[in-house]
Amino acid sequence: MRSLTLTEVARIARMYLDGDRVETLLLDKTGHVDYDFESFNVVKASLMKAERIHPELKYSLILWTPRAGKINVVEPIVCASVLPVEGWREINANESQIKALSGEEGVPYARDCSASTYFPVYNSDHEIVGALEFLIMNDEANDI
Amino acid sequence: MNAYLLSDLVRINGANGLILETGTIPEKISSLNLIAPRGGFSSFQIIVENADKDALSAKAACSDASIQIELFEEWFIETDDSLTPDCLVPLKEDGSLWAKQLLPKNIACIWADVFVPAEAKTGSNPVSVILECVGKPKTLSVNLMVSETVLPETGLITCDLNNYADAISPQYPSMRENPDRYRDGSYIALEHEYYKMAREHRSLFHNLPYRHSGKIKEGFAPILSGEGKDMHVSDWSLFDKHFGPLLDGSAFEDSRVSKKPVEYMYLPFHLGWPASYEKWGKKGYRTEYRRVLNDFVRHIEEKGWMKTRFELFLNHKKDYRFFPYTADEIWYEHDEEVMDRWYDVIKGAYEDTKASVIVRIDSSNYFGVHHNNHRFAEYCKLWVAGEGMFNWYPESVDAFRKYGNTLWIYGSVLHDMRTSLLSLYQWPIVCMMTGADGFCVWNTTGAGKDPLKTPVGNGTELLFYPGEAFLIAKPLASIRLKTLRNAMQAAEAAKVMNKEDVHNFVNNLFDKNGDADWWREKPDFIDTPPRYWDFGEAFSKAIVPPLFVGKSPFLAAEFRNGIYSGLKVNDNPSGYSGFRYY
């Protein structure tokens, strides 16, 4: 049987990732991170399941969204099993994240010890609401 | 070579040879008076100037051969403009130095730990310290006064040294380069040395077995098999090898402090284990969780691990993006929901057994709401509450007695290592004076990349140093760990003395007008949610100021000497003899 490619895995993963939930899961109160529990749990479960579509590819999934009111700033809002290499706080988006958030599919990004590929995530109005990162680590994943 | 003795309560700045705490020239004394409890330790220092470290050796012996004296070379840490001694490297058997750290002025500082067995005779015992350097011996003398005090069993106050597994392996090249370390016994043997060292310092090594991602290192949880109604523990062997010696007490059989099993231990349960978080809210989550919890309870009973309290604890924080809830230090009121939903999953699966399995909660921000007349007070049996918030609720001590709950104050991070060593007496004394059952130090193995040069935050997360740099495959104690132990000894000894006398003595010592001064009035802002509080100036003003600020570090000597002499008072300001004890 033919193995799935990462692009095919990403297509399946995003079929079950509810972009409307992605839009509503983050509540911003007085500068502290807070979530709509139900939306977070639905999205988190989707990401955890998607990590099991093709475990041999050893990817981990992280969902990024643009930070409201800040140009080219993104934050990881749901991590399935590992933290991003960049940590858990908001960051200036890298070029690949910006491209994915503009609609480009499967944008690679290489680091010394890891490689990522980003895909846009859409809501039911077919608006881009986030970027899904497929992170493949050569070493042990970043964790706290 | 010139040598002198120094108290354990101040240190030499390796950069200039002056007293670190005061910037003054040390008083160069060749004899010292020291008071020691039985069944415990006391400490002093030997300072050698113009030392040829390759040729220097030191030995110490007491006239009572049952009294053991251990000597350590002090290793200095770069702390901005000073060199602060903190890491303690044992001297070699022949008394020569291991580390031989190069320092300005060629200073060598040696820490002496004196252990007096519980059965030792009371009274005066001369201790000789013989230093030798290129055949030129120099003798210093310590008059060791063995007190009537016999230290009580540990546990009257819990000194909880919190850690996060696995923070140890990265500090040891031989560990981090060994992919089999969790299976081949090497990690377990090393980790047990941390537990043993903590016990020897009247502390509890506490190691949370999961990360914020929910990942658990091999051997920190048993192996599970099956799914749903078939889920069960299928292999306990590595878990038992890891924790069995701590839980049956065999790991502590050589301890001079206590041979009892470890007092508390985190279990690996969290929101994502044993059931996958994918199933959270579904019936299968509950099925899997309860089945494995039942397996744990049965295993604990079968093994007879009845003297340890096993903690079920949720450390999750939404900031780290793995879970939507902050169950550790609840910040939003609606996060209470996760505790209730989780408790609903485990309720009835562990309580009515011989195993002591308990729910723990760390609740500082909402401590005032949660500690009494609240469902959390009913089902959470171990509490950790911020020292500042605890200041406002003296009634919580009796409330927790009513519920049968245990309360530790959360000491947060340690102070920068340059801070007065009296700061380490703060938590034991506060527990003794307020009735808190213990205190939690947030992290004690946070080494950073170069702990022997510049540990994280000047040691704010570190009490144990990795010994491998000195070819010692064990942790090395710090001066601050020794100081904390010396504080714990006196505070626990005080717990079994007449309460009123002790409180009067301590209140006088620390300029308190009475026991009420250990508390503060509830500030107005507690009526608003904590996220709106000003944790800067307003909070600082609302809590009891730290004990050590503006105080001489030698107040610690006054405290412990008073306790060890049974609060005898004479005309000496330090109160307990015709000469000054350190």
# chains A, B, ... in the order shown; residues from 1 in each chain; ligands from 1
$ select_by_dssp --residues "segment 292-503 of chain B" --states "strand (DSSP E)" --output "PDB file with C-alpha atoms, in the first residue's frame"
ATOM      1  CA  ARG B 309       1.050   9.977  50.725  1.00  0.00           C
ATOM      2  CA  PHE B 310       0.560   9.647  46.969  1.00  0.00           C
ATOM      3  CA  GLU B 311      -0.522  12.835  45.284  1.00  0.00           C
ATOM      4  CA  LEU B 312      -2.977  13.251  42.436  1.00  0.00           C
ATOM      5  CA  PHE B 313      -2.104  16.690  41.125  1.00  0.00           C
ATOM      6  CA  SER B 356      -2.961   7.022  51.180  1.00  0.00           C
ATOM      7  CA  VAL B 357      -3.864   8.585  47.843  1.00  0.00           C
ATOM      8  CA  ILE B 358      -4.820  12.246  48.047  1.00  0.00           C
ATOM      9  CA  VAL B 359      -5.779  15.123  45.807  1.00  0.00           C
ATOM     10  CA  ARG B 360      -3.354  18.022  45.978  1.00  0.00           C
ATOM     11  CA  ILE B 361      -4.107  21.577  44.929  1.00  0.00           C
ATOM     12  CA  ASP B 362      -1.830  24.583  44.678  1.00  0.00           C
ATOM     13  CA  LEU B 382      -2.885  18.634  50.447  1.00  0.00           C
ATOM     14  CA  TRP B 383      -2.703  22.374  49.841  1.00  0.00           C
ATOM     15  CA  VAL B 384       0.093  24.621  48.752  1.00  0.00           C
ATOM     16  CA  ALA B 385      -0.702  28.312  49.223  1.00  0.00           C
ATOM     17  CA  GLY B 386       1.364  31.397  48.537  1.00  0.00           C
ATOM     18  CA  THR B 406      -2.286  19.514  55.146  1.00  0.00           C
ATOM     19  CA  LEU B 407      -1.075  22.999  54.282  1.00  0.00           C
ATOM     20  CA  TRP B 408       2.307  23.960  52.896  1.00  0.00           C
ATOM     21  CA  ILE B 409       3.151  27.540  52.220  1.00  0.00           C
ATOM     22  CA  TYR B 410       4.560  28.157  48.787  1.00  0.00           C
ATOM     23  CA  GLY B 411       7.943  29.726  49.173  1.00  0.00           C
ATOM     24  CA  SER B 412       8.299  30.282  45.433  1.00  0.00           C
ATOM     25  CA  GLY B 438       5.470  22.788  55.682  1.00  0.00           C
ATOM     26  CA  PHE B 439       6.701  24.802  52.774  1.00  0.00           C
ATOM     27  CA  CYS B 440       7.393  24.213  49.113  1.00  0.00           C
ATOM     28  CA  VAL B 441      10.515  25.482  47.364  1.00  0.00           C
ATOM     29  CA  PHE B 464      21.929  20.582  44.316  1.00  0.00           C
ATOM     30  CA  TYR B 465      24.943  20.827  42.009  1.00  0.00           C
ATOM     31  CA  PRO B 466      25.940  18.088  39.549  1.00  0.00           C
ATOM     32  CA  PRO B 475      24.748  15.552  43.488  1.00  0.00           C
ATOM     33  CA  LEU B 476      26.771  17.954  45.580  1.00  0.00           C
ATOM     34  CA  ALA B 477      25.105  19.911  48.354  1.00  0.00           C
TER      35      ALA B 477
END
$ residues_around --residues "Thr444 of chain B" --least-positions-apart "3" --cutoff "9 Å" --atoms "only C-alpha atoms" --output "MDAnalysis selection string"
chainID B and resid 161:163 205 413:414 441 447 459:464
$ interface_residues --of "chain A" --to "chain B" --cutoff "10 Å" --atoms "only C-alpha atoms" --output "number ranges by chain"
A: 25-26, 29-49, 62-63, 75-83, 87-89, 142-144
$ closest_residue --among "B:Ile168, B:Ile472, B:Cys159, B:Ile188" --to "Gln426 of chain B" --atoms "only C-alpha atoms"
B:Cys159
$ select_by_dssp --residues "chain A" --states "alpha helix (DSSP H)" --output "MDAnalysis selection string"
chainID A and resid 6:15 19:24 37:50 95:101
$ write_last_selection --atoms "N, CA, C and O atoms" --output "compact mmCIF listing (two decimals), in the first residue's frame"
# COMPACT_ATOMS: atom_id res chain seq x y z
N LEU A 6 3.18 13.99 3.31
CA LEU A 6 2.82 14.98 4.33
C LEU A 6 1.70 15.89 3.82
O LEU A 6 0.79 16.26 4.58
N THR A 7 1.74 16.23 2.55
CA THR A 7 0.69 17.10 1.99
C THR A 7 -0.67 16.41 2.06
O THR A 7 -1.69 17.05 2.37
N GLU A 8 -0.68 15.10 1.80
CA GLU A 8 -1.95 14.37 1.89
C GLU A 8 -2.43 14.27 3.34
O GLU A 8 -3.63 14.41 3.63
N VAL A 9 -1.49 14.06 4.23
CA VAL A 9 -1.86 14.04 5.65
C VAL A 9 -2.45 15.39 6.04
O VAL A 9 -3.47 15.47 6.74
N ALA A 10 -1.82 16.45 5.58
CA ALA A 10 -2.29 17.80 5.93
C ALA A 10 -3.69 18.04 5.38
O ALA A 10 -4.52 18.70 6.02
N ARG A 11 -3.96 17.53 4.21
CA ARG A 11 -5.29 17.72 3.61
C ARG A 11 -6.35 17.01 4.48
O ARG A 11 -7.40 17.58 4.79
N ILE A 12 -6.03 15.77 4.89
CA ILE A 12 -6.99 15.03 5.73
C ILE A 12 -7.16 15.72 7.08
O ILE A 12 -8.28 15.91 7.58
N ALA A 13 -6.04 16.10 7.67
CA ALA A 13 -6.08 16.73 9.00
C ALA A 13 -6.98 17.96 8.99
O ALA A 13 -7.79 18.18 9.89
N ARG A 14 -6.88 18.75 7.92
CA ARG A 14 -7.62 20.01 7.88
C ARG A 14 -9.09 19.80 7.54
O ARG A 14 -9.93 20.65 7.84
N MET A 15 -9.40 18.65 6.95
CA MET A 15 -10.83 18.35 6.70
C MET A 15 -11.59 18.25 8.02
O MET A 15 -12.78 18.57 8.10
N GLY A 19 -12.42 25.23 11.51
CA GLY A 19 -11.87 26.59 11.49
C GLY A 19 -12.72 27.58 12.26
O GLY A 19 -12.21 28.56 12.81
N ASP A 20 -14.03 27.34 12.33
CA ASP A 20 -14.89 28.24 13.11
C ASP A 20 -14.54 28.15 14.60
O ASP A 20 -14.57 29.14 15.32
N ARG A 21 -14.22 26.94 15.03
CA ARG A 21 -13.79 26.76 16.43
C ARG A 21 -12.45 27.46 16.67
O ARG A 21 -12.23 28.02 17.73
N VAL A 22 -11.58 27.37 15.67
CA VAL A 22 -10.27 28.02 15.81
C VAL A 22 -10.45 29.51 16.05
O VAL A 22 -9.76 30.13 16.87
N GLU A 23 -11.42 30.08 15.35
CA GLU A 23 -11.66 31.52 15.49
C GLU A 23 -12.13 31.91 16.88
O GLU A 23 -11.88 33.02 17.34
N THR A 24 -12.83 31.01 17.53
CA THR A 24 -13.50 31.40 18.78
C THR A 24 -12.81 30.85 20.03
O THR A 24 -13.27 31.13 21.14
N PHE A 37 -13.34 26.72 26.61
CA PHE A 37 -12.92 25.33 26.86
C PHE A 37 -13.39 24.38 25.76
O PHE A 37 -12.64 23.54 25.28
N GLU A 38 -14.68 24.51 25.41
CA GLU A 38 -15.25 23.56 24.47
C GLU A 38 -14.55 23.65 23.11
O GLU A 38 -14.19 22.63 22.51
N SER A 39 -14.36 24.87 22.64
CA SER A 39 -13.70 25.04 21.34
C SER A 39 -12.27 24.50 21.39
O SER A 39 -11.82 23.82 20.47
N PHE A 40 -11.55 24.82 22.47
CA PHE A 40 -10.18 24.32 22.58
C PHE A 40 -10.17 22.80 22.53
O PHE A 40 -9.36 22.19 21.81
N ASN A 41 -11.05 22.19 23.31
CA ASN A 41 -11.02 20.73 23.40
C ASN A 41 -11.37 20.06 22.07
O ASN A 41 -10.78 19.02 21.73
N VAL A 42 -12.28 20.67 21.32
CA VAL A 42 -12.62 20.11 20.00
C VAL A 42 -11.41 20.19 19.07
O VAL A 42 -11.04 19.23 18.39
N VAL A 43 -10.76 21.35 19.06
CA VAL A 43 -9.60 21.54 18.18
C VAL A 43 -8.44 20.66 18.64
O VAL A 43 -7.76 20.01 17.82
N LYS A 44 -8.22 20.61 19.94
CA LYS A 44 -7.12 19.79 20.46
C LYS A 44 -7.32 18.32 20.08
O LYS A 44 -6.37 17.65 19.64
N ALA A 45 -8.52 17.83 20.24
CA ALA A 45 -8.78 16.43 19.90
C ALA A 45 -8.54 16.19 18.42
O ALA A 45 -8.00 15.14 18.01
N SER A 46 -8.92 17.16 17.57
CA SER A 46 -8.69 17.02 16.12
C SER A 46 -7.19 16.93 15.84
O SER A 46 -6.74 16.11 15.02
N LEU A 47 -6.41 17.77 16.49
CA LEU A 47 -4.96 17.75 16.26
C LEU A 47 -4.34 16.45 16.76
O LEU A 47 -3.45 15.89 16.11
N MET A 48 -4.79 15.99 17.92
CA MET A 48 -4.23 14.74 18.46
C MET A 48 -4.54 13.57 17.52
O MET A 48 -3.69 12.70 17.28
N LYS A 49 -5.75 13.55 17.00
CA LYS A 49 -6.10 12.47 16.05
C LYS A 49 -5.27 12.61 14.78
O LYS A 49 -4.80 11.61 14.22
N ALA A 50 -5.11 13.84 14.31
CA ALA A 50 -4.35 14.05 13.08
C ALA A 50 -2.89 13.64 13.22
O ALA A 50 -2.26 13.24 12.24
N GLU A 95 8.93 33.81 7.67
CA GLU A 95 8.47 34.01 6.30
C GLU A 95 7.49 32.91 5.87
O GLU A 95 6.49 33.17 5.18
N SER A 96 7.76 31.70 6.30
CA SER A 96 6.91 30.58 5.90
C SER A 96 5.54 30.68 6.55
O SER A 96 4.51 30.35 5.93
N GLN A 97 5.50 31.11 7.79
CA GLN A 97 4.20 31.30 8.45
C GLN A 97 3.39 32.38 7.74
O GLN A 97 2.18 32.24 7.54
N ILE A 98 4.07 33.45 7.37
CA ILE A 98 3.37 34.54 6.68
C ILE A 98 2.79 34.05 5.36
O ILE A 98 1.63 34.33 5.02
N LYS A 99 3.57 33.24 4.64
CA LYS A 99 3.08 32.71 3.36
C LYS A 99 1.87 31.81 3.58
O LYS A 99 0.88 31.87 2.83
N ALA A 100 1.94 30.95 4.58
CA ALA A 100 0.81 30.05 4.85
C ALA A 100 -0.43 30.85 5.24
O ALA A 100 -1.56 30.52 4.84
N LEU A 101 -0.22 31.89 6.03
CA LEU A 101 -1.36 32.72 6.44
C LEU A 101 -1.90 33.55 5.27
O LEU A 101 -2.96 34.16 5.37
$ closest_residue --among "A:Val85, A:Leu17, A:Val129, A:Leu27" --to "Ser60 of chain A" --atoms "only C-alpha atoms"
A:Val85
$ closest_residue --among "A:Asp28, A:Glu140, A:Glu127, A:Glu56" --to "Ala68 of chain A" --atoms "only C-alpha atoms"
A:Asp28
$ residues_around --residues "Lys100 of chain B" --least-positions-apart "6" --cutoff "9 Å" --atoms "only C-alpha atoms" --output "ChimeraX atom specification"
/B:53-54,73,75,108
$ write_last_selection --atoms "all heavy atoms" --output "PDB file, in the first residue's frame"
ATOM      1  N   LYS B  53      47.007  25.292  46.900  1.00  0.00           N
ATOM      2  CA  LYS B  53      45.909  24.312  46.920  1.00  0.00           C
ATOM      3  C   LYS B  53      46.367  22.918  46.520  1.00  0.00           C
ATOM      4  O   LYS B  53      45.713  21.929  46.864  1.00  0.00           O
ATOM      5  CB  LYS B  53      44.763  24.784  46.039  1.00  0.00           C
ATOM      6  CG  LYS B  53      44.064  25.999  46.638  1.00  0.00           C
ATOM      7  CD  LYS B  53      42.829  26.384  45.866  1.00  0.00           C
ATOM      8  CE  LYS B  53      42.195  27.611  46.505  1.00  0.00           C
ATOM      9  NZ  LYS B  53      41.028  28.098  45.785  1.00  0.00           N
ATOM     10  N   ASP B  54      47.461  22.833  45.793  1.00  0.00           N
ATOM     11  CA  ASP B  54      47.956  21.500  45.436  1.00  0.00           C
ATOM     12  C   ASP B  54      48.538  20.794  46.656  1.00  0.00           C
ATOM     13  O   ASP B  54      48.594  19.565  46.699  1.00  0.00           O
ATOM     14  CB  ASP B  54      49.029  21.608  44.343  1.00  0.00           C
ATOM     15  CG  ASP B  54      48.405  21.966  43.005  1.00  0.00           C
ATOM     16  OD1 ASP B  54      47.280  21.489  42.744  1.00  0.00           O
ATOM     17  OD2 ASP B  54      49.015  22.738  42.244  1.00  0.00           O
ATOM     18  N   GLU B  73      35.299  21.380  50.226  1.00  0.00           N
ATOM     19  CA  GLU B  73      35.867  22.578  49.612  1.00  0.00           C
ATOM     20  C   GLU B  73      34.726  23.409  49.038  1.00  0.00           C
ATOM     21  O   GLU B  73      33.858  22.885  48.332  1.00  0.00           O
ATOM     22  CB  GLU B  73      36.840  22.177  48.488  1.00  0.00           C
ATOM     23  CG  GLU B  73      37.482  23.379  47.826  1.00  0.00           C
ATOM     24  CD  GLU B  73      38.377  23.000  46.650  1.00  0.00           C
ATOM     25  OE1 GLU B  73      38.548  21.792  46.392  1.00  0.00           O
ATOM     26  OE2 GLU B  73      38.888  23.915  45.994  1.00  0.00           O
ATOM     27  N   TRP B  75      33.101  25.812  46.490  1.00  0.00           N
ATOM     28  CA  TRP B  75      33.279  26.210  45.089  1.00  0.00           C
ATOM     29  C   TRP B  75      32.529  27.509  44.887  1.00  0.00           C
ATOM     30  O   TRP B  75      31.365  27.634  45.273  1.00  0.00           O
ATOM     31  CB  TRP B  75      32.751  25.117  44.161  1.00  0.00           C
ATOM     32  CG  TRP B  75      32.872  25.447  42.716  1.00  0.00           C
ATOM     33  CD1 TRP B  75      31.943  26.053  41.927  1.00  0.00           C
ATOM     34  CD2 TRP B  75      33.996  25.207  41.873  1.00  0.00           C
ATOM     35  NE1 TRP B  75      32.414  26.204  40.651  1.00  0.00           N
ATOM     36  CE2 TRP B  75      33.675  25.684  40.578  1.00  0.00           C
ATOM     37  CE3 TRP B  75      35.258  24.625  42.069  1.00  0.00           C
ATOM     38  CZ2 TRP B  75      34.554  25.601  39.497  1.00  0.00           C
ATOM     39  CZ3 TRP B  75      36.116  24.543  40.986  1.00  0.00           C
ATOM     40  CH2 TRP B  75      35.770  25.021  39.725  1.00  0.00           C
ATOM     41  N   ALA B 108      41.238  29.585  50.092  1.00  0.00           N
ATOM     42  CA  ALA B 108      40.526  28.302  50.106  1.00  0.00           C
ATOM     43  C   ALA B 108      39.554  28.342  51.279  1.00  0.00           C
ATOM     44  O   ALA B 108      39.940  28.690  52.404  1.00  0.00           O
ATOM     45  CB  ALA B 108      41.491  27.136  50.263  1.00  0.00           C
TER      46      ALA B 108
END
$ atom_distance --atom1 "atom CA of Asn16 of chain B" --atom2 "atom CA of Ser82 of chain B"
8.1 Å
$ closest_residue --among "A:Pro108, A:Gly103, A:Trp64, A:Ile71" --to "His126 of chain A" --atoms "only C-alpha atoms"
A:Gly103
